[in-house]
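Single-structure report; data block below.
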Amino acid sequence: MKKTKKLLSGVFTLALAGAVALSGCSSSNNGGNTGSNGGTNTGGNSGGNAGTETAAEGFKFGESPVTFTYYVNYDWWTTEPWGASPNSKWVQDNLKITVEPIQSGGAAAQKLSTMIASKELPDAMMMDRGPDVERLRQAGALVALDEYIEKYPNLKKWAGEETLNMLRSSDGKIYQFPNWYTAAPTGNDGWFINKKIYEELGKPKLETFDDLYAYLKLVQEKKPDLVPLEVGRGGQGVEVMFAGFANDNPSQYSYMKAFPQGDKLATIYDSPAYKETMTFASKLFREGLITQDALTQKEDQVKEKLATGRVAVFVGGNATNLGREGHNALKAADPTAGYEFIWPVIKPGVDKNKVYPNGYNALGWNVNVITTSAENPEAIFAYLDWMTGEEGQRIMFFGPQGLYWDEVDADGAPIPNDKWFSTPQEEKDKQKLEAYVWAGNATYVDTTKGKIEANLPEEQRNWGAVAQLNVSWKTSHNNTQFNNIDPAPETDEGIILQQVNDLATEYFGKMLFAKSDEEVASLIQEAKEQTNALGYDRVLEFRTKAWQDNLAKMSGQ
């Protein structure tokens with residue numbers, strides 16, 4: 001998933017685990033108990049809930065209780081209370097692991113800086129890959145994980161050598177435990193429509209941006225109480241929309257504020273697709289076709305509009321999860337209502353099969369690090385390694401045995417039980433199972449969820465899962481090559497990049513509010529000149545080298 005912008009892309013967001021909603025992340029279990037050697041004993045229909053030993057010579061779960069502190073470095077994240085969910089309670093009771101959350105309080109950057117300055121770091125943290133991790137590593141605040149990776153089986157087995165090599169720091173060691181790494185496309189971003197409104201208005205063609213404009217004008221005329229186009233928190237949908245204005249033009253370029261020109265990265269303000277995107281978005285905004293509070297609304301406000309059916313078309317991040325929640329709310333009140341996920345809208349002439357509003361990284365979303373403050377770093381690694389393995393993913397993502405499944409199939413995938421079918425979706429959501437999955441194994445989880453959904457009757461399939469399987473994962477670009485290409489924030493280039501990003505946010509708003517197409521063009525030129533004056537060329541040179549280094553690593557050089 002992307003960073004918060006994307007995740008939140010992203011990517012990300014806490015999808016319903018208990019309802020087996022595909023999150024673009026995955027993990028697996030081979031249906032058995034984790035043996036004393038850390039392997040998996042395939043046990044037929046055994047739930048595999050008794051296997052707590054991880055490695056023959058390593059840390060043994062349950063022999064002595066372990067408590068560690070955990071911090072998630074995002075403004076928007078609240079770490080749920082430990083033991084409040086069925087999966088964390090199972091861990092507490094069976095593995096004797098207790099986690100004490102440290103909250104960001106909505107000010108993650110300040111919180112992390114304060115903890116670093118006071119030398120009172122939490123035992124483990126979840127954070128973005130890149131500069132902050134390197135800053136901590138260079139300060140000697142992180143524990144190298146190489147010894148544990150060799151000692152415990154799951155991360156090495158599921159992530160693989162290539163992915164792990166991409167996580168190595170400049171000293172050759174690995175300090176990062178990836179979250180939601182994957183060997184297959186993932187993603188939750190995209191487009192969906194209010195199905196009932198669409199049918200009432202005659203189901204016009206909705207494939208190109210010309211079609212979209214005509215449909216939004218029709219909505220505005222016939223359904224003036226609706227938001228024609230909802231673009232989500234922070235106007236994120238505009239960046240998702242960007243992918244449809246050219247072939248092989250993933251939304252990642254818009255988030256990076258850079259795009260490839262040959263073997264170099266260039267400023268996004270030279271991208272014709274970016275100019276067309278902002279010109280179109282500005283036109284929609286000034287004609288009242290985009291929600292007018294796009295830059296100020298909170299996620300809860302977006303959810304409320306979707307839940308009450310006040311949106312005709314949605315484009316944005318986390319669409320499979322936001323759409324699922326809104327769809328379920330509408331269906332509960334009116335069985336004929338709901339949302340329908342659609343193929344990305346494109347510019348006329350663009351190949352629909354070369355449009356990528358989603359992006360995935362083999363390294364996944366973010367990482368966990370263990371700090372030198374931890375009294376027992378091996379126990380923390382053992383827990384993360386257990387979690388990322390088959391038993392751990394089955395229990396943490398799908399819930400403990402006896403909740404929504406009692407048996408597993410020959411591949412270790414949980415088989416939904418009667419309670420899974422009888423429990424209302426909103427009740428499953430309240431358990432927030434996925435909020436406790438910090439070492440997600442996307443390959444296993446998505447494979448398992450896909451199998452479960454495929455075996456369900458159509459009327460029982462999860463809306464978000466179907467959206468992922470049919471559209472969002474098919475429109476996802478492999479962005480691994482752009483991993484960790486940004487300079488450290490305290491370097492000259494890092495300071496410039498922060499200034500560039502601040503200016504980009506400012507100019508994004510100005511372009512959206514522009515009074516004419518000509519003003520948009522002028523603002524793009526102005527943004528280019530101002531960012532160039534800051535020294536953006538130095539950042540682009542830095543990123544280009546890092547990008548080319550990544551390509552070399554990925555090709556085995």
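All residue names refer to the structure tokens as shown: chains lettered A, B, ... in order, residues numbered from 1 in each chain, ligands numbered from 1 in order.
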Per residue of stretch 184-227 of chain A within 10 Å of stretch 235-254 of chain A, record the nearest atom pair and its distance in Å to one decimal, counting only C-alpha atoms, with rows in chain order and ascending residue number, as a Markdown table.
| residue | atom | partner | partner_atom | distance |
| --- | --- | --- | --- | --- |
| A:Asp189 | CA | A:Val240 | CA | 7.2 |
| A:Gly190 | CA | A:Val240 | CA | 6.8 |
| A:Trp191 | CA | A:Met241 | CA | 8.9 |
| A:Thr208 | CA | A:Gly244 | CA | 8.7 |
| A:Phe209 | CA | A:Gly244 | CA | 8.5 |
Stretch 127-184 of chain A: residues DSSP assigns to alpha helix (DSSP H), reported as a VMD selection string: chain A and resid 131 to 138 146 to 151 154 to 166
Expected answer as a ChimeraX atom specification: strand (DSSP E or B) residues in stretch 149-395 of chain A: /A:168,174,177-179,181,190-194,208,227-230,258-261,264-267,290,311-316,339-342,346,358-360,366-371
Dump N, CA and C atoms for the selected residues as a CSV table (one decimal), in the first residue's frame?
chain,number,residue,atom,x,y,z
A,168,ARG,N,18.5,-4.4,2.8
A,168,ARG,CA,19.8,-4.2,3.5
A,168,ARG,C,20.3,-2.7,3.5
A,174,ILE,N,20.6,-6.1,7.8
A,174,ILE,CA,19.2,-5.9,7.7
A,174,ILE,C,18.7,-5.5,9.1
A,177,PHE,N,12.0,-5.4,9.4
A,177,PHE,CA,11.1,-6.5,9.2
A,177,PHE,C,9.9,-6.1,8.4
A,178,PRO,N,9.8,-6.5,7.1
A,178,PRO,CA,8.8,-5.9,6.3
A,178,PRO,C,7.3,-6.3,6.7
A,179,ASN,N,6.4,-5.4,6.4
A,179,ASN,CA,5.0,-5.6,6.7
A,179,ASN,C,4.2,-5.6,5.4
A,181,TYR,N,4.7,-7.6,2.7
A,181,TYR,CA,5.5,-7.9,1.5
A,181,TYR,C,4.7,-8.9,0.7
A,190,GLY,N,-8.9,2.9,-6.5
A,190,GLY,CA,-9.7,2.9,-7.8
A,190,GLY,C,-11.0,3.6,-7.8
A,191,TRP,N,-11.9,3.1,-8.6
A,191,TRP,CA,-13.2,3.8,-8.9
A,191,TRP,C,-14.4,2.9,-8.5
A,192,PHE,N,-15.4,3.5,-8.0
A,192,PHE,CA,-16.7,2.8,-7.9
A,192,PHE,C,-17.9,3.8,-8.0
A,193,ILE,N,-19.0,3.2,-8.4
A,193,ILE,CA,-20.2,4.0,-8.6
A,193,ILE,C,-21.3,3.6,-7.7
A,194,ASN,N,-22.2,4.6,-7.5
A,194,ASN,CA,-23.5,4.3,-6.8
A,194,ASN,C,-24.4,3.6,-7.8
A,208,THR,N,-14.4,6.6,-20.5
A,208,THR,CA,-13.4,7.6,-20.7
A,208,THR,C,-13.7,8.8,-19.8
A,227,VAL,N,-23.2,14.3,-4.2
A,227,VAL,CA,-21.8,14.7,-4.6
A,227,VAL,C,-21.5,14.0,-5.9
A,228,PRO,N,-21.4,14.6,-7.1
A,228,PRO,CA,-21.2,13.9,-8.3
A,228,PRO,C,-19.9,13.0,-8.3
A,229,LEU,N,-18.8,13.6,-7.9
A,229,LEU,CA,-17.5,12.9,-7.8
A,229,LEU,C,-16.8,13.1,-6.4
A,230,GLU,N,-16.7,12.1,-5.6
A,230,GLU,CA,-16.0,12.1,-4.4
A,230,GLU,C,-14.6,11.7,-4.6
A,258,ALA,N,7.7,12.9,-9.5
A,258,ALA,CA,8.8,12.6,-10.5
A,258,ALA,C,8.3,11.5,-11.4
A,259,PHE,N,8.9,11.4,-12.6
A,259,PHE,CA,8.6,10.3,-13.5
A,259,PHE,C,9.8,10.0,-14.4
A,260,PRO,N,9.9,8.8,-14.9
A,260,PRO,CA,11.1,8.4,-15.6
A,260,PRO,C,11.1,9.1,-17.0
A,261,GLN,N,12.2,9.7,-17.4
A,261,GLN,CA,12.4,10.1,-18.8
A,261,GLN,C,13.7,9.4,-19.2
A,264,LYS,N,16.6,8.5,-16.5
A,264,LYS,CA,16.6,9.6,-15.4
A,264,LYS,C,15.2,9.9,-14.9
A,265,LEU,N,15.1,10.4,-13.7
A,265,LEU,CA,13.9,10.9,-13.2
A,265,LEU,C,13.8,12.4,-13.4
A,266,ALA,N,12.6,12.8,-13.8
A,266,ALA,CA,12.4,14.2,-14.1
A,266,ALA,C,11.2,14.7,-13.2
A,267,THR,N,11.1,16.0,-13.1
A,267,THR,CA,10.1,16.6,-12.3
A,267,THR,C,8.7,16.3,-12.9
A,290,ILE,N,-16.8,18.1,-8.3
A,290,ILE,CA,-16.1,17.4,-7.2
A,290,ILE,C,-16.5,18.0,-5.9
A,311,VAL,N,-23.1,9.9,-2.7
A,311,VAL,CA,-22.0,10.0,-3.6
A,311,VAL,C,-22.4,9.2,-4.9
A,312,ALA,N,-22.2,9.8,-6.0
A,312,ALA,CA,-22.6,9.1,-7.3
A,312,ALA,C,-21.4,8.3,-7.8
A,313,VAL,N,-20.2,8.9,-7.8
A,313,VAL,CA,-18.9,8.3,-8.2
A,313,VAL,C,-17.8,8.6,-7.2
A,314,PHE,N,-17.0,7.6,-7.0
A,314,PHE,CA,-15.9,7.7,-6.1
A,314,PHE,C,-14.6,7.3,-6.8
A,315,VAL,N,-13.6,8.1,-6.6
A,315,VAL,CA,-12.2,7.7,-7.0
A,315,VAL,C,-11.3,8.1,-5.9
A,316,GLY,N,-10.4,7.2,-5.5
A,316,GLY,CA,-9.5,7.5,-4.5
A,316,GLY,C,-8.7,6.3,-3.9
A,339,TYR,N,-22.8,-0.1,-4.0
A,339,TYR,CA,-21.8,0.4,-4.9
A,339,TYR,C,-21.3,-0.7,-5.8
A,340,GLU,N,-20.7,-0.3,-7.0
A,340,GLU,CA,-20.1,-1.2,-7.9
A,340,GLU,C,-18.8,-0.7,-8.3
A,341,PHE,N,-17.7,-1.6,-8.1
A,341,PHE,CA,-16.4,-1.2,-8.5
A,341,PHE,C,-16.2,-1.3,-10.0
A,342,ILE,N,-15.6,-0.3,-10.6
A,342,ILE,CA,-15.5,-0.3,-12.1
A,342,ILE,C,-14.1,-0.2,-12.5
A,346,ILE,N,-10.4,6.3,-18.3
A,346,ILE,CA,-9.2,6.6,-19.0
A,346,ILE,C,-9.4,7.7,-20.0
A,358,ASN,N,-3.2,1.6,-9.0
A,358,ASN,CA,-2.6,0.9,-7.8
A,358,ASN,C,-1.1,0.6,-8.1
A,359,GLY,N,-0.4,0.5,-7.0
A,359,GLY,CA,1.0,0.1,-7.1
A,359,GLY,C,1.3,-0.9,-6.0
A,360,TYR,N,2.2,-1.8,-6.2
A,360,TYR,CA,2.6,-2.6,-5.1
A,360,TYR,C,4.1,-2.7,-5.1
A,366,ASN,N,5.2,-1.1,4.8
A,366,ASN,CA,6.2,-0.4,5.7
A,366,ASN,C,7.0,-1.5,6.4
A,367,VAL,N,7.7,-1.1,7.5
A,367,VAL,CA,8.6,-2.1,8.2
A,367,VAL,C,8.4,-1.9,9.7
A,368,ASN,N,8.9,-3.0,10.4
A,368,ASN,CA,9.1,-2.9,11.8
A,368,ASN,C,10.6,-2.9,12.1
A,369,VAL,N,10.9,-2.2,13.1
A,369,VAL,CA,12.3,-2.2,13.6
A,369,VAL,C,12.3,-2.4,15.1
A,370,ILE,N,13.4,-3.1,15.5
A,370,ILE,CA,13.6,-3.4,17.0
A,370,ILE,C,14.7,-2.5,17.4
A,371,THR,N,14.5,-1.8,18.5
A,371,THR,CA,15.5,-0.8,19.0
A,371,THR,C,16.4,-1.4,20.1
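From atom CA of A:His327 back to atom CA of A:Lys195, the distance works out to 9.6 Å.
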Between atom CA of A:Lys428 and atom CA of A:Glu453, distance in Å (one decimal): 16.3 Å
Non-local contacts of A:Asp406 (10 Å; only C-alpha atoms; under 2 positions in same chain excluded) as a ChimeraX atom specification: /A:45-47,400-404,408,414-419
Write a file of the just-selected residues containing C-alpha atoms, as a PDB file, in the first residue's frame.
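Dumped to part.pdb:
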ATOM      1  CA  ASN A  45      -7.923 -30.471   9.785  1.00  0.00           C
ATOM      2  CA  SER A  46      -5.988 -29.368  12.816  1.00  0.00           C
ATOM      3  CA  GLY A  47      -6.434 -25.698  13.527  1.00  0.00           C
ATOM      4  CA  PRO A 400      -8.325 -17.821  16.290  1.00  0.00           C
ATOM      5  CA  GLN A 401      -9.744 -21.273  15.687  1.00  0.00           C
ATOM      6  CA  GLY A 402     -13.360 -21.436  16.872  1.00  0.00           C
ATOM      7  CA  LEU A 403     -14.192 -17.841  15.977  1.00  0.00           C
ATOM      8  CA  TYR A 404     -14.937 -17.782  12.232  1.00  0.00           C
ATOM      9  CA  VAL A 408      -8.480 -25.814   7.608  1.00  0.00           C
ATOM     10  CA  PRO A 414      -9.301 -21.650   7.159  1.00  0.00           C
ATOM     11  CA  ILE A 415     -12.731 -22.945   6.186  1.00  0.00           C
ATOM     12  CA  PRO A 416     -15.475 -20.455   7.176  1.00  0.00           C
ATOM     13  CA  ASN A 417     -17.902 -21.835   9.748  1.00  0.00           C
ATOM     14  CA  ASP A 418     -21.555 -21.065  10.459  1.00  0.00           C
ATOM     15  CA  LYS A 419     -20.651 -18.131  12.696  1.00  0.00           C
TER      16      LYS A 419
END
Who sits within 9 Å of A:Pro86, only C-alpha atoms, same chain under 2 positions skipped, as a PyMOL selection string: chain A and resi 83-84+88-91+396+399-400+403+431+433
Go ahead and dump the residues you just picked, N, CA and C atoms, as a PDB file, in the first residue's frame.
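Written output follows (again16.pdb):
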ATOM      1  N   GLY A  83      -5.106  -7.274  23.934  1.00  0.00           N
ATOM      2  CA  GLY A  83      -6.048  -8.190  24.570  1.00  0.00           C
ATOM      3  C   GLY A  83      -7.500  -7.837  24.330  1.00  0.00           C
ATOM      4  N   ALA A  84      -7.740  -6.720  23.597  1.00  0.00           N
ATOM      5  CA  ALA A  84      -9.125  -6.290  23.367  1.00  0.00           C
ATOM      6  C   ALA A  84      -9.766  -7.014  22.196  1.00  0.00           C
ATOM      7  N   SER A  88      -5.400 -10.778  19.565  1.00  0.00           N
ATOM      8  CA  SER A  88      -4.390 -10.349  20.536  1.00  0.00           C
ATOM      9  C   SER A  88      -4.595 -11.035  21.886  1.00  0.00           C
ATOM     10  N   LYS A  89      -5.845 -11.333  22.217  1.00  0.00           N
ATOM     11  CA  LYS A  89      -6.122 -12.085  23.456  1.00  0.00           C
ATOM     12  C   LYS A  89      -5.560 -13.495  23.343  1.00  0.00           C
ATOM     13  N   TRP A  90      -5.690 -14.094  22.152  1.00  0.00           N
ATOM     14  CA  TRP A  90      -5.145 -15.436  21.956  1.00  0.00           C
ATOM     15  C   TRP A  90      -3.629 -15.410  22.130  1.00  0.00           C
ATOM     16  N   VAL A  91      -2.975 -14.401  21.570  1.00  0.00           N
ATOM     17  CA  VAL A  91      -1.523 -14.283  21.702  1.00  0.00           C
ATOM     18  C   VAL A  91      -1.134 -14.122  23.166  1.00  0.00           C
ATOM     19  N   MET A 396      -3.980 -14.378  13.295  1.00  0.00           N
ATOM     20  CA  MET A 396      -4.045 -12.926  13.439  1.00  0.00           C
ATOM     21  C   MET A 396      -4.969 -12.283  12.410  1.00  0.00           C
ATOM     22  N   GLY A 399      -8.558 -14.695  12.581  1.00  0.00           N
ATOM     23  CA  GLY A 399      -9.069 -14.940  13.916  1.00  0.00           C
ATOM     24  C   GLY A 399      -8.689 -16.324  14.408  1.00  0.00           C
ATOM     25  N   PRO A 400      -8.690 -16.519  15.730  1.00  0.00           N
ATOM     26  CA  PRO A 400      -8.325 -17.821  16.290  1.00  0.00           C
ATOM     27  C   PRO A 400      -9.327 -18.910  15.902  1.00  0.00           C
ATOM     28  N   LEU A 403     -13.488 -19.105  16.175  1.00  0.00           N
ATOM     29  CA  LEU A 403     -14.192 -17.841  15.977  1.00  0.00           C
ATOM     30  C   LEU A 403     -14.967 -17.881  14.659  1.00  0.00           C
ATOM     31  N   GLN A 431     -14.312  -5.976  15.534  1.00  0.00           N
ATOM     32  CA  GLN A 431     -13.257  -6.740  16.194  1.00  0.00           C
ATOM     33  C   GLN A 431     -11.860  -6.309  15.751  1.00  0.00           C
ATOM     34  N   LEU A 433      -9.558  -7.142  13.695  1.00  0.00           N
ATOM     35  CA  LEU A 433      -8.501  -8.151  13.711  1.00  0.00           C
ATOM     36  C   LEU A 433      -7.242  -7.675  13.000  1.00  0.00           C
TER      37      LEU A 433
END
For A:Glu378: contacts at 9 Å, only C-alpha atoms, fewer than 5 positions along chain excluded, given as a ChimeraX atom specification: /A:58-59,145,148,383
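Among the candidates A:Ser522, A:Gln498, A:Gln425, A:Asn154, the residue lying nearest to A:Leu534 is A:Gln498 (atoms considered: only C-alpha atoms).
With only C-alpha atoms as the atoms that count, the minimum distance from A:Ala319 to the choices A:Asp411, A:Glu299, A:Glu120, A:Asp211 is reached by A:Glu299.
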Selection near A:Met166, 9 Å with only C-alpha atoms, sequence-local residues under 3 positions removed, as a PyMOL selection string: chain A and resi 161-163+169+363+483+550+553-554
Exercise: A:Lys217 partners within 9 Å, only C-alpha atoms, chain neighbours under 5 positions left out, as a ChimeraX atom specification: /A:212,222,228,289
